[in-house]
file coords.cif (mmCIF, C-alpha atoms and all ligand atoms)
data_target
loop_
_atom_site.label_atom_id
_atom_site.label_comp_id
_atom_site.auth_asym_id
_atom_site.auth_seq_id
_atom_site.Cartn_x
_atom_site.Cartn_y
_atom_site.Cartn_z
CA MET Z 288 -65.84 220.50 122.86
CA TRP Z 289 -64.37 217.43 124.61
CA SER Z 290 -61.35 215.59 123.29
CA LEU Z 291 -59.49 212.46 124.30
CA ASN Z 292 -56.15 214.01 125.18
CA PHE Z 293 -54.76 212.44 128.33
CA THR Z 294 -51.18 212.04 129.43
CA PHE Z 295 -51.85 208.44 130.54
CA PRO Z 296 -53.19 205.32 128.80
CA THR Z 297 -56.96 204.99 128.96
CA GLU Z 298 -59.72 202.52 128.15
CA ILE Z 299 -63.50 202.65 127.93
CA VAL Z 300 -65.61 200.80 130.49
CA LYS Z 301 -69.35 200.23 130.53
CA GLU Z 302 -71.28 200.26 133.77
CA GLY Z 303 -75.06 200.45 134.14
CA LYS Z 304 -76.28 202.53 131.20
CA VAL Z 305 -73.11 204.56 130.70
CA SER Z 306 -69.68 204.28 129.09
CA VAL Z 307 -66.79 206.24 130.55
CA VAL Z 308 -63.07 206.59 130.00
CA VAL Z 309 -60.80 205.39 132.83
CA PRO Z 310 -57.05 204.79 133.20
CA LYS Z 311 -56.06 201.57 131.42
CA ARG Z 312 -55.98 198.98 134.16
CA VAL Z 313 -53.24 196.70 132.75
CA ALA Z 314 -50.87 199.66 132.52
CA TYR Z 315 -50.91 200.03 136.33
CA VAL Z 316 -51.19 196.46 137.55
CA LYS Z 317 -47.90 194.71 137.03
CA GLU Z 318 -48.54 191.84 139.43
CA ALA Z 319 -51.81 189.99 139.98
CA TRP Z 320 -51.84 190.87 143.70
CA GLU Z 321 -51.40 194.61 143.13
CA TYR Z 322 -54.30 196.97 143.87
CA GLY Z 323 -54.62 198.77 140.56
CA PRO Z 324 -56.96 201.69 141.29
CA SER Z 325 -54.62 203.39 143.77
CA LYS Z 326 -51.65 203.24 141.35
CA ALA Z 327 -53.46 204.86 138.43
CA PRO Z 328 -53.37 208.66 137.94
CA VAL Z 329 -57.17 208.77 138.38
CA PHE Z 330 -59.16 206.46 140.62
CA TYR Z 331 -61.53 203.92 139.15
CA ASN Z 332 -62.34 200.66 140.92
CA PRO Z 333 -64.41 198.13 138.93
CA ALA Z 334 -64.98 196.17 142.16
CA MET Z 335 -67.19 199.04 143.38
CA GLU Z 336 -69.73 198.61 140.57
CA LEU Z 337 -72.16 196.94 143.00
CA ASN Z 338 -71.74 199.87 145.40
CA ARG Z 339 -72.62 202.27 142.56
CA ASP Z 340 -75.53 200.08 141.34
CA LEU Z 341 -77.06 200.17 144.81
CA ALA Z 342 -76.45 203.92 145.02
CA VAL Z 343 -78.45 204.37 141.79
CA LEU Z 344 -81.31 202.27 143.21
CA ALA Z 345 -81.28 204.12 146.53
CA LEU Z 346 -81.18 207.53 144.88
CA GLN Z 347 -84.07 206.68 142.54
CA THR Z 348 -86.08 205.39 145.49
CA TYR Z 349 -85.39 208.56 147.43
CA GLN Z 350 -86.22 210.80 144.43
CA LYS Z 351 -89.58 209.07 144.05
CA ILE Z 352 -90.32 209.57 147.75
CA LEU Z 353 -89.60 213.30 147.35
CA GLY Z 354 -91.55 213.43 144.08
CA ARG Z 355 -89.61 216.35 142.63
CA GLU Z 356 -86.35 217.18 140.87
CA ILE Z 357 -83.25 216.81 143.02
CA SER Z 358 -79.69 218.10 143.22
CA VAL Z 359 -76.91 215.58 143.74
CA CYS Z 360 -73.36 216.06 145.01
CA GLU Z 361 -70.32 213.81 144.84
CA PRO Z 362 -67.43 215.60 146.53
CA LEU Z 363 -64.83 212.84 145.88
CA THR Z 364 -65.65 211.75 142.37
CA GLY Z 365 -62.50 210.17 140.89
CA CYS Z 366 -63.20 209.60 137.17
CA GLY Z 367 -66.80 210.80 137.64
CA ILE Z 368 -68.51 207.50 136.87
CA ARG Z 369 -70.82 207.61 139.90
CA GLY Z 370 -72.06 211.11 139.10
CA VAL Z 371 -72.47 210.26 135.40
CA ARG Z 372 -74.55 207.24 136.37
CA PHE Z 373 -76.73 209.33 138.71
CA ALA Z 374 -77.38 211.84 135.91
CA VAL Z 375 -78.18 209.19 133.29
CA GLU Z 376 -79.83 206.41 135.30
CA VAL Z 377 -81.83 208.28 137.92
CA GLU Z 378 -84.97 210.09 136.79
CA GLY Z 379 -85.53 213.56 138.23
CA VAL Z 380 -81.87 214.53 138.75
CA ARG Z 381 -81.74 218.24 137.91
CA LYS Z 382 -78.08 218.93 138.55
CA VAL Z 383 -74.98 216.98 139.57
CA PHE Z 384 -72.14 218.72 141.43
CA VAL Z 385 -68.86 216.78 141.42
CA ASN Z 386 -65.40 217.51 142.70
CA ASP Z 387 -61.97 215.95 143.14
CA ILE Z 388 -58.75 217.33 144.59
CA ASN Z 389 -56.78 215.58 141.84
CA SER Z 390 -56.73 217.81 138.76
CA GLU Z 391 -56.37 214.80 136.42
CA ALA Z 392 -59.52 213.32 137.99
CA ALA Z 393 -61.47 216.56 137.57
CA LYS Z 394 -60.38 216.70 133.91
CA LEU Z 395 -61.34 213.09 133.28
CA ALA Z 396 -64.69 213.60 135.06
CA GLN Z 397 -65.31 216.63 132.84
CA PHE Z 398 -64.56 214.52 129.78
CA ASN Z 399 -66.85 211.72 130.94
CA PHE Z 400 -69.78 214.06 131.64
CA GLU Z 401 -69.36 215.81 128.28
CA SER Z 402 -69.01 212.60 126.30
CA ASN Z 403 -72.27 211.43 127.87
CA GLN Z 404 -73.99 214.67 126.75
CA LEU Z 405 -74.29 215.92 130.31
CA ALA Z 406 -72.41 219.23 130.10
CA SER Z 407 -75.51 221.25 130.98
CA VAL Z 408 -76.35 219.07 134.00
CA VAL Z 409 -72.98 219.10 135.74
CA LEU Z 410 -70.75 221.44 137.69
CA ILE Z 411 -67.19 220.17 138.18
CA MET Z 412 -64.68 221.54 140.67
CA ASN Z 413 -61.08 220.71 141.54
CA GLU Z 414 -60.50 221.45 145.23
CA ASP Z 415 -60.55 219.95 148.70
CA ALA Z 416 -63.89 218.22 149.37
CA ASN Z 417 -64.51 220.09 152.62
CA LEU Z 418 -63.88 223.42 150.94
CA PHE Z 419 -66.19 222.40 148.09
CA LEU Z 420 -68.97 221.24 150.43
CA SER Z 421 -68.65 224.37 152.55
CA ARG Z 422 -69.54 226.52 149.54
CA TYR Z 423 -72.98 224.90 149.67
CA GLY Z 424 -73.56 225.17 153.42
CA ALA Z 425 -76.05 228.06 153.24
CA PRO Z 426 -79.74 227.02 153.51
CA ARG Z 427 -80.74 227.77 149.90
CA LYS Z 428 -77.64 226.25 148.37
CA ARG Z 429 -77.82 222.82 149.98
CA PHE Z 430 -78.06 219.46 148.16
CA ASP Z 431 -80.78 216.83 148.27
CA PHE Z 432 -78.26 214.02 148.10
CA ILE Z 433 -74.57 213.81 148.95
CA ASP Z 434 -72.50 210.69 148.26
CA VAL Z 435 -69.27 210.60 150.24
CA ASP Z 436 -67.13 207.84 148.76
CA PRO Z 437 -63.54 208.41 149.91
CA PHE Z 438 -60.41 206.37 150.45
CA GLY Z 439 -60.74 204.94 153.97
CA SER Z 440 -63.00 206.80 156.36
CA PRO Z 441 -65.76 209.30 155.47
CA VAL Z 442 -65.50 210.92 158.92
CA PRO Z 443 -63.25 213.86 157.85
CA TYR Z 444 -66.06 214.95 155.48
CA LEU Z 445 -69.07 214.38 157.73
CA ASP Z 446 -69.31 217.83 159.24
CA ALA Z 447 -69.13 219.70 155.92
CA ALA Z 448 -71.46 217.17 154.26
CA LEU Z 449 -74.09 217.59 157.00
CA ARG Z 450 -73.93 221.38 156.63
CA ALA Z 451 -74.36 221.09 152.85
CA LEU Z 452 -77.36 218.72 153.11
CA ARG Z 453 -80.90 220.05 152.75
CA ASP Z 454 -83.43 219.43 155.55
CA GLY Z 455 -84.65 215.88 154.86
CA GLY Z 456 -81.70 215.24 152.52
CA LEU Z 457 -80.11 211.85 151.97
CA LEU Z 458 -76.47 211.23 152.86
CA ALA Z 459 -74.59 208.16 151.60
CA LEU Z 460 -71.29 207.16 153.20
CA THR Z 461 -68.72 204.53 152.24
CA ALA Z 462 -66.10 203.41 154.77
CA THR Z 463 -63.27 201.12 153.66
CA ASP Z 464 -61.16 201.38 156.82
CA MET Z 465 -62.32 198.02 158.11
CA ALA Z 466 -59.24 197.35 160.25
CA PRO Z 467 -60.13 200.10 162.76
CA LEU Z 468 -63.89 199.52 162.47
CA CYS Z 469 -63.61 195.76 163.01
CA GLY Z 470 -61.35 196.07 166.01
CA VAL Z 471 -57.92 195.28 164.52
CA HIS Z 472 -56.84 198.83 165.39
CA PRO Z 473 -59.25 199.78 168.20
CA LYS Z 474 -57.48 203.01 169.14
CA ALA Z 475 -57.77 204.31 165.58
CA CYS Z 476 -61.50 203.54 165.69
CA VAL Z 477 -61.99 205.43 168.95
CA ARG Z 478 -60.06 208.37 167.52
CA LYS Z 479 -61.98 208.48 164.28
CA TYR Z 480 -65.47 207.25 165.16
CA GLY Z 481 -65.65 208.05 168.88
CA GLY Z 482 -66.60 204.46 169.73
CA LYS Z 483 -64.80 201.28 170.72
CA PRO Z 484 -64.95 198.38 168.23
CA LEU Z 485 -64.84 194.71 169.20
CA ARG Z 486 -63.26 191.84 167.30
CA THR Z 487 -66.34 189.61 167.41
CA GLU Z 488 -67.89 187.42 164.70
CA TYR Z 489 -70.43 190.21 164.09
CA CYS Z 490 -67.82 192.99 163.84
CA HIS Z 491 -69.14 194.08 160.42
CA GLU Z 492 -72.49 194.97 161.94
CA LEU Z 493 -70.70 196.77 164.76
CA ALA Z 494 -68.75 198.66 162.06
CA VAL Z 495 -72.00 199.91 160.51
CA ARG Z 496 -73.31 200.85 163.96
CA LEU Z 497 -70.09 202.69 164.85
CA LEU Z 498 -70.26 204.70 161.62
CA VAL Z 499 -73.96 205.52 162.14
CA GLY Z 500 -73.25 206.40 165.78
CA CYS Z 501 -70.55 208.79 164.69
CA LEU Z 502 -72.92 210.33 162.14
CA ALA Z 503 -75.73 210.67 164.70
CA THR Z 504 -73.50 212.44 167.23
CA MET Z 505 -72.04 214.72 164.59
CA ALA Z 506 -75.53 215.48 163.22
CA ALA Z 507 -76.87 216.25 166.71
CA LYS Z 508 -74.31 219.06 167.03
CA HIS Z 509 -76.09 220.72 164.11
CA GLU Z 510 -79.52 219.94 165.63
CA LEU Z 511 -80.08 217.27 163.00
CA GLY Z 512 -81.65 213.88 163.66
CA ILE Z 513 -81.00 210.91 161.40
CA THR Z 514 -82.97 207.93 160.08
CA VAL Z 515 -81.03 205.13 158.42
CA VAL Z 516 -82.93 203.92 155.35
CA PHE Z 517 -80.41 201.41 154.04
CA SER Z 518 -76.97 200.03 154.83
CA HIS Z 519 -74.87 197.09 153.76
CA SER Z 520 -71.53 195.45 154.35
CA THR Z 521 -69.97 194.12 151.15
CA ASP Z 522 -66.48 192.79 150.43
CA HIS Z 523 -64.00 195.27 151.90
CA TYR Z 524 -66.34 198.14 152.80
CA ILE Z 525 -69.51 199.25 154.53
CA ARG Z 526 -72.08 201.68 153.24
CA VAL Z 527 -74.75 203.71 155.05
CA TYR Z 528 -77.67 205.77 153.67
CA ALA Z 529 -79.28 208.14 156.17
CA VAL Z 530 -81.86 210.90 155.93
CA ALA Z 531 -81.11 213.93 158.13
CA ARG Z 532 -83.83 216.23 159.49
CA TYR Z 533 -83.47 219.50 161.36
CA GLY Z 534 -84.90 219.91 164.87
CA ALA Z 535 -83.60 219.65 168.42
CA ARG Z 536 -86.25 216.98 169.12
CA GLU Z 537 -85.14 214.96 166.08
CA ALA Z 538 -81.53 215.17 167.25
CA ASP Z 539 -82.46 214.10 170.80
CA LYS Z 540 -84.45 211.15 169.40
CA SER Z 541 -81.39 210.04 167.45
CA LEU Z 542 -79.14 210.29 170.48
CA GLN Z 543 -81.53 208.03 172.39
CA MET Z 544 -80.54 205.30 169.93
CA MET Z 545 -76.94 205.40 171.14
CA GLY Z 546 -75.64 202.77 173.51
CA TYR Z 547 -73.32 199.79 173.90
CA VAL Z 548 -73.07 196.13 172.95
CA LEU Z 549 -71.74 193.89 175.75
CA HIS Z 550 -70.20 190.63 174.63
CA CYS Z 551 -68.97 187.49 176.37
CA PHE Z 552 -66.19 185.72 174.49
CA SER Z 553 -66.64 182.57 176.63
CA CYS Z 554 -70.29 181.70 175.96
CA PHE Z 555 -71.42 183.87 172.98
CA HIS Z 556 -73.81 185.82 175.21
CA ARG Z 557 -74.38 189.39 174.10
CA GLU Z 558 -76.68 192.18 175.19
CA THR Z 559 -77.26 195.83 174.46
CA SER Z 560 -77.31 198.68 176.93
CA LYS Z 561 -78.49 202.24 176.54
CA GLU Z 562 -77.15 203.11 179.98
CA ILE Z 563 -74.80 205.81 178.84
CA VAL Z 564 -74.38 207.39 182.27
CA SER Z 565 -74.62 204.56 184.83
CA PRO Z 566 -71.84 201.98 185.00
CA LEU Z 567 -72.12 199.15 182.47
CA LYS Z 568 -72.40 195.51 183.55
CA THR Z 569 -69.05 193.81 183.70
CA GLU Z 570 -70.09 190.19 184.31
CA CYS Z 571 -71.81 187.81 181.87
CA ALA Z 572 -75.32 186.92 183.09
CA GLU Z 573 -75.01 183.43 181.57
CA CYS Z 574 -71.54 182.24 182.61
CA GLY Z 575 -70.06 184.87 184.91
CA SER Z 576 -67.09 185.65 182.64
CA LYS Z 577 -65.92 189.17 181.92
CA LEU Z 578 -68.09 191.19 179.52
CA ASN Z 579 -66.41 193.17 176.76
CA VAL Z 580 -67.80 196.47 175.53
CA ALA Z 581 -68.31 197.95 172.06
CA GLY Z 582 -69.50 201.52 171.67
CA PRO Z 583 -70.92 204.01 172.10
CA LEU Z 584 -72.64 203.07 168.86
CA TRP Z 585 -76.03 203.19 167.13
CA LEU Z 586 -78.57 200.65 168.46
CA GLY Z 587 -81.43 201.86 166.24
CA LYS Z 588 -82.53 200.49 162.90
CA ILE Z 589 -79.88 200.25 160.18
CA SER Z 590 -82.28 199.78 157.27
CA ASP Z 591 -85.91 200.37 156.42
CA LYS Z 592 -88.11 197.57 155.11
CA ASP Z 593 -90.11 199.71 152.69
CA PHE Z 594 -87.04 201.51 151.37
CA CYS Z 595 -85.41 198.13 150.61
CA SER Z 596 -88.51 196.88 148.91
CA SER Z 597 -88.64 200.02 146.69
CA MET Z 598 -84.95 199.53 145.84
CA LYS Z 599 -85.78 195.99 144.75
CA ARG Z 600 -88.53 197.29 142.48
CA GLU Z 601 -86.12 199.86 141.05
CA ALA Z 602 -83.70 197.09 140.07
CA ASP Z 603 -86.34 195.68 137.74
CA GLY Z 604 -85.58 196.08 134.04
CA ARG Z 605 -82.21 197.78 134.55
CA ARG Z 606 -80.27 194.70 133.51
CA LEU Z 607 -77.54 195.31 136.06
CA LYS Z 608 -74.64 192.89 135.61
CA GLN Z 609 -74.96 191.64 139.19
CA GLU Z 610 -78.76 191.74 139.37
CA LYS Z 611 -79.06 188.38 141.12
CA ARG Z 612 -76.55 189.31 143.81
CA ILE Z 613 -78.19 192.70 144.27
CA LEU Z 614 -81.68 191.25 144.67
CA ARG Z 615 -80.42 188.68 147.15
CA LEU Z 616 -78.62 191.33 149.16
CA LEU Z 617 -81.68 193.60 149.18
CA SER Z 618 -83.96 190.74 150.26
CA LEU Z 619 -81.64 189.81 153.11
CA VAL Z 620 -81.25 193.41 154.29
CA GLN Z 621 -85.02 193.84 154.08
CA GLU Z 622 -85.68 190.67 156.10
CA GLU Z 623 -83.22 191.57 158.81
CA SER Z 624 -84.29 195.23 159.01
CA GLU Z 625 -86.36 194.62 162.13
CA ALA Z 626 -84.25 191.87 163.68
CA SER Z 627 -82.20 192.07 166.89
CA VAL Z 628 -78.84 193.78 167.15
CA THR Z 629 -75.87 191.40 166.42
CA TYR Z 630 -75.94 187.89 164.92
CA TYR Z 631 -74.60 184.42 165.68
CA VAL Z 632 -72.28 182.63 163.26
CA VAL Z 633 -73.14 178.93 163.14
CA ASP Z 634 -69.63 177.82 162.07
CA LYS Z 635 -68.06 179.65 164.99
CA ILE Z 636 -70.40 178.04 167.51
CA CYS Z 637 -69.87 174.57 165.97
CA ASP Z 638 -66.15 175.12 166.05
CA LYS Z 639 -66.23 175.93 169.77
CA LEU Z 640 -68.60 173.06 170.59
CA ASN Z 641 -66.70 170.69 168.31
CA LEU Z 642 -69.78 169.84 166.26
CA PRO Z 643 -70.41 169.32 162.53
CA VAL Z 644 -72.03 172.37 160.92
CA PRO Z 645 -75.77 171.95 160.20
CA PRO Z 646 -77.32 173.82 157.24
CA LEU Z 647 -78.18 177.41 158.08
CA ILE Z 648 -81.81 177.07 157.10
CA GLU Z 649 -82.23 174.19 159.55
CA VAL Z 650 -80.88 176.31 162.37
CA VAL Z 651 -83.20 179.19 161.40
CA ASN Z 652 -86.18 176.83 161.39
CA GLY Z 653 -85.05 175.21 164.65
CA MET Z 654 -84.97 178.60 166.36
CA LYS Z 655 -88.42 179.41 165.04
CA ARG Z 656 -89.74 176.06 166.31
CA SER Z 657 -88.34 176.98 169.72
CA GLY Z 658 -90.54 180.08 169.65
CA PHE Z 659 -87.98 182.71 168.65
CA GLN Z 660 -87.57 185.02 165.68
CA ALA Z 661 -84.74 184.05 163.36
CA THR Z 662 -83.52 185.29 160.00
CA PRO Z 663 -80.34 184.92 157.95
CA THR Z 664 -78.23 188.05 157.59
CA HIS Z 665 -76.45 189.65 154.64
CA PHE Z 666 -73.49 190.33 156.96
CA ASN Z 667 -72.39 186.70 156.99
CA SER Z 668 -73.55 183.72 154.90
CA LYS Z 669 -73.37 181.58 158.05
CA GLY Z 670 -74.97 184.20 160.29
CA ILE Z 671 -78.35 184.23 162.05
CA LYS Z 672 -80.12 187.14 163.64
CA THR Z 673 -82.38 186.04 166.45
CA ASN Z 674 -83.89 187.24 169.71
CA ALA Z 675 -83.00 183.89 171.31
CA PRO Z 676 -80.34 183.89 174.04
CA ALA Z 677 -76.97 182.29 173.25
CA LYS Z 678 -77.93 179.30 175.39
CA VAL Z 679 -80.89 178.47 173.15
CA VAL Z 680 -78.88 179.02 169.96
CA LYS Z 681 -76.30 176.50 171.21
CA GLU Z 682 -79.00 174.02 172.25
CA VAL Z 683 -80.72 174.19 168.84
CA ILE Z 684 -77.42 173.75 166.99
CA THR Z 685 -76.33 170.88 169.25
CA LYS Z 686 -79.64 169.09 168.70
CA LEU Z 687 -79.37 169.46 164.93
CA ALA Z 688 -75.71 168.41 164.78
CA THR Z 689 -75.94 165.30 166.96
C1 LIG Z 701 -62.41 206.21 146.37
S1 LIG Z 701 -62.07 207.47 145.24
C2 LIG Z 701 -63.61 207.97 144.62
C3 LIG Z 701 -64.28 206.96 143.76
C4 LIG Z 701 -65.57 207.41 143.15
N1 LIG Z 701 -66.48 207.95 144.14
C5 LIG Z 701 -66.22 206.27 142.37
O1 LIG Z 701 -67.32 205.81 142.70
O2 LIG Z 701 -65.58 205.82 141.40
C6 LIG Z 701 -61.64 208.82 146.27
C7 LIG Z 701 -61.30 210.10 145.51
O3 LIG Z 701 -61.14 211.14 146.45
C8 LIG Z 701 -60.17 212.04 145.97
N2 LIG Z 701 -59.70 212.81 147.14
C9 LIG Z 701 -58.85 212.42 148.12
N3 LIG Z 701 -58.75 213.39 149.06
C10 LIG Z 701 -59.56 214.41 148.66
C11 LIG Z 701 -59.91 215.67 149.21
N4 LIG Z 701 -59.39 216.08 150.38
N5 LIG Z 701 -60.78 216.44 148.54
C12 LIG Z 701 -61.31 216.04 147.36
N6 LIG Z 701 -61.01 214.85 146.78
C13 LIG Z 701 -60.16 214.04 147.42
C14 LIG Z 701 -59.14 211.16 145.32
O4 LIG Z 701 -58.40 211.89 144.35
C15 LIG Z 701 -60.03 210.05 144.69
O5 LIG Z 701 -60.30 210.34 143.36
ZN ZN Z 702 -70.72 184.26 179.16
#

call {"tool": "encode", "arguments": {"input": "coords.cif", "output": "structure tokens"}}
result
Amino acid sequence: MWSLNFTFPTEIVKEGKVSVVVPKRVAYVKEAWEYGPSKAPVFYNPAMELNRDLAVLALQTYQKILGREISVCEPLTGCGIRGVRFAVEVEGVRKVFVNDINSEAAKLAQFNFESNQLASVVLIMNEDANLFLSRYGAPRKRFDFIDVDPFGSPVPYLDAALRALRDGGLLALTATDMAPLCGVHPKACVRKYGGKPLRTEYCHELAVRLLVGCLATMAAKHELGITVVFSHSTDHYIRVYAVARYGAREADKSLQMMGYVLHCFSCFHRETSKEIVSPLKTECAECGSKLNVAGPLWLGKISDKDFCSSMKREADGRRLKQEKRILRLLSLVQEESEASVTYYVVDKICDKLNLPVPPLIEVVNGMKRSGFQATPTHFNSKGIKTNAPAKVVKEVITKLAT
């Protein structure tokens, strides 16, 4: 029988359809600027509710595609809220396996599962995530879904997670180490993700592509190919959902999606290159300045239109607190799912050209009138994805602003 017997102050929070006990926030945040979750004895971050909401929608979408009961694993669970939500809010979840290295977290997770009448659905462990995942690496033991939601980078858990994922399984990854991924600490990014970041206006998209690139290369070592069904960049983190399938051919196909983004800081020109072996261009085709390189990274799709549209349908009737924001995000990700790699930021161009900033929608329409594809992007509220060259983007903006 569960009892509320913790050595630290607690409170009850409600998220989605569940209520769970978490460390009392005010007891650990003395100053307004302090980051509470990391000070508490067990991790719970209310700011990640949207991340968990989307995970519920993605998992339900995936379960319906499979059309059978699924097993779910959360190797870094904190207070257990994510796993509890999967068990309660996603139909067809047969079993949830959660784990945390912090014994207080494992205890609190146990309490939260039991108080939500989920004792028979859950298995809770208290050990290192890689050790935990490795126990499920044998073919018949693997999971349908693994959600890796760590502090910082998910890379240290990728190998074990891939081994513990069933053929055709779905892997979700959160990365919060945006300083390396966005090029503030490029060496750390190369070390961790095996690709060079670039401090451009579209660095958040590059961050997603660096993480996916790292996943694809790691997966290929296990003869696994990946398909990214959904990804987003929100607040201080990025998130990627990818299906992994066994087969040397699948792995080779994934690796063909690897390449580089070449960027000119003088004229906004950018291009992609899959030339992994031959030397990369060093001079901008538009202005002759030096080209800067990001990568190797993933140049393939980073979301799937149909998957996004199913996630939107799944949001219906759930009364999520941030429903409007979620639907807007899903619509944007869906719209940009087939757009070109990288985006232009209108403010940045106007700043450089010393022009007033025209409304985004006018720029989008202007690009379309010029015969190009154009769509806003969820990555940046002032961003536009288009197949138009930088020269045309600048011309359209200049025309609108003068
Ligand atoms: C960001 S929190 C998890 C939050 C949780 N997924 C959620 O949605 O609320 C990361 C968790 O990983 C745990 N952790 C850190 N290193 C670990 C390791 N090597 N093995 C297992 N758990 C670990 C921490 O104790 C912490 O609870
Ligand atoms: Zn240039």

call {"tool": "residues_around", "arguments": {"input": "coords.cif", "residues": "Glu488 in chain Z", "least_positions_apart": "4", "cutoff": "9 Å", "atoms": "only C-alpha atoms", "output": "list of chain:residue names"}}
result
Z:Tyr630, Z:Tyr631, Z:Val632, Z:Lys635, Z:Asn667, Z:Gly670

call {"tool": "closest_atom_pairs", "arguments": {"input": "coords.cif", "of": "range 569-627 of chain Z", "to": "range 352-362 of chain Z", "cutoff": "12 Å", "atoms": "all atoms listed in the file", "output": "Markdown table"}}
result
| residue | atom | partner | partner_atom | distance |
| --- | --- | --- | --- | --- |
| Z:Asp593 | CA | Z:Ile352 | CA | 11.0 |
| Z:Phe594 | CA | Z:Ile352 | CA | 9.4 |
| Z:Ser597 | CA | Z:Ile352 | CA | 9.8 |
| Z:Met598 | CA | Z:Ile352 | CA | 11.5 |

call {"tool": "residues_near_ligand", "arguments": {"input": "coords.cif", "ligand": "ligand ZN 702 (chain Z)", "cutoff": "10 Å", "atoms": "all atoms listed in the file", "output": "number ranges by chain"}}
result
Z: 550-557, 570-578, 677-678

call {"tool": "residues_around", "arguments": {"input": "coords.cif", "residues": "Pro583 in chain Z", "least_positions_apart": "6", "cutoff": "12 Å", "atoms": "only C-alpha atoms", "output": "MDAnalysis selection string"}}
result
chainID Z and resid 476:477 480:485 493:494 496:504 542:549 559:564 567

call {"tool": "residues_near_ligand", "arguments": {"input": "coords.cif", "ligand": "ligand LIG 701 (chain Z)", "cutoff": "9 Å", "atoms": "only C-alpha atoms and all ligand atoms", "output": "PDB file with C-alpha atoms, keeping the file's coordinate frame"}}
result
ATOM      1  CA  PRO Z 324     -56.960 201.690 141.290  1.00  0.00           C
ATOM      2  CA  SER Z 325     -54.620 203.390 143.770  1.00  0.00           C
ATOM      3  CA  PRO Z 328     -53.370 208.660 137.940  1.00  0.00           C
ATOM      4  CA  VAL Z 329     -57.170 208.770 138.380  1.00  0.00           C
ATOM      5  CA  PHE Z 330     -59.160 206.460 140.620  1.00  0.00           C
ATOM      6  CA  TYR Z 331     -61.530 203.920 139.150  1.00  0.00           C
ATOM      7  CA  ASN Z 332     -62.340 200.660 140.920  1.00  0.00           C
ATOM      8  CA  PRO Z 333     -64.410 198.130 138.930  1.00  0.00           C
ATOM      9  CA  MET Z 335     -67.190 199.040 143.380  1.00  0.00           C
ATOM     10  CA  GLU Z 336     -69.730 198.610 140.570  1.00  0.00           C
ATOM     11  CA  ASN Z 338     -71.740 199.870 145.400  1.00  0.00           C
ATOM     12  CA  ARG Z 339     -72.620 202.270 142.560  1.00  0.00           C
ATOM     13  CA  GLU Z 361     -70.320 213.810 144.840  1.00  0.00           C
ATOM     14  CA  PRO Z 362     -67.430 215.600 146.530  1.00  0.00           C
ATOM     15  CA  LEU Z 363     -64.830 212.840 145.880  1.00  0.00           C
ATOM     16  CA  THR Z 364     -65.650 211.750 142.370  1.00  0.00           C
ATOM     17  CA  GLY Z 365     -62.500 210.170 140.890  1.00  0.00           C
ATOM     18  CA  CYS Z 366     -63.200 209.600 137.170  1.00  0.00           C
ATOM     19  CA  GLY Z 367     -66.800 210.800 137.640  1.00  0.00           C
ATOM     20  CA  ILE Z 368     -68.510 207.500 136.870  1.00  0.00           C
ATOM     21  CA  ARG Z 369     -70.820 207.610 139.900  1.00  0.00           C
ATOM     22  CA  GLY Z 370     -72.060 211.110 139.100  1.00  0.00           C
ATOM     23  CA  ASN Z 386     -65.400 217.510 142.700  1.00  0.00           C
ATOM     24  CA  ASP Z 387     -61.970 215.950 143.140  1.00  0.00           C
ATOM     25  CA  ILE Z 388     -58.750 217.330 144.590  1.00  0.00           C
ATOM     26  CA  ASN Z 389     -56.780 215.580 141.840  1.00  0.00           C
ATOM     27  CA  SER Z 390     -56.730 217.810 138.760  1.00  0.00           C
ATOM     28  CA  GLU Z 391     -56.370 214.800 136.420  1.00  0.00           C
ATOM     29  CA  ALA Z 392     -59.520 213.320 137.990  1.00  0.00           C
ATOM     30  CA  ALA Z 393     -61.470 216.560 137.570  1.00  0.00           C
ATOM     31  CA  ASN Z 413     -61.080 220.710 141.540  1.00  0.00           C
ATOM     32  CA  GLU Z 414     -60.500 221.450 145.230  1.00  0.00           C
ATOM     33  CA  ASP Z 415     -60.550 219.950 148.700  1.00  0.00           C
ATOM     34  CA  ALA Z 416     -63.890 218.220 149.370  1.00  0.00           C
ATOM     35  CA  ASN Z 417     -64.510 220.090 152.620  1.00  0.00           C
ATOM     36  CA  LEU Z 418     -63.880 223.420 150.940  1.00  0.00           C
ATOM     37  CA  PHE Z 419     -66.190 222.400 148.090  1.00  0.00           C
ATOM     38  CA  ASP Z 434     -72.500 210.690 148.260  1.00  0.00           C
ATOM     39  CA  VAL Z 435     -69.270 210.600 150.240  1.00  0.00           C
ATOM     40  CA  ASP Z 436     -67.130 207.840 148.760  1.00  0.00           C
ATOM     41  CA  PRO Z 437     -63.540 208.410 149.910  1.00  0.00           C
ATOM     42  CA  PHE Z 438     -60.410 206.370 150.450  1.00  0.00           C
ATOM     43  CA  GLY Z 439     -60.740 204.940 153.970  1.00  0.00           C
ATOM     44  CA  PRO Z 443     -63.250 213.860 157.850  1.00  0.00           C
ATOM     45  CA  TYR Z 444     -66.060 214.950 155.480  1.00  0.00           C
ATOM     46  CA  THR Z 461     -68.720 204.530 152.240  1.00  0.00           C
ATOM     47  CA  THR Z 463     -63.270 201.120 153.660  1.00  0.00           C
TER      48      THR Z 463
END

call {"tool": "closest_residue", "arguments": {"input": "coords.cif", "among": "Z:Glu376, Z:Ala475, Z:Ser520, Z:Arg600", "to": "Leu616 in chain Z", "atoms": "only C-alpha atoms"}}
result
Z:Ser520

call {"tool": "atom_distance", "arguments": {"input": "coords.cif", "atom1": "CA of Val650 in chain Z", "atom2": "CA of Ile525 in chain Z"}}
result
26.8 Å
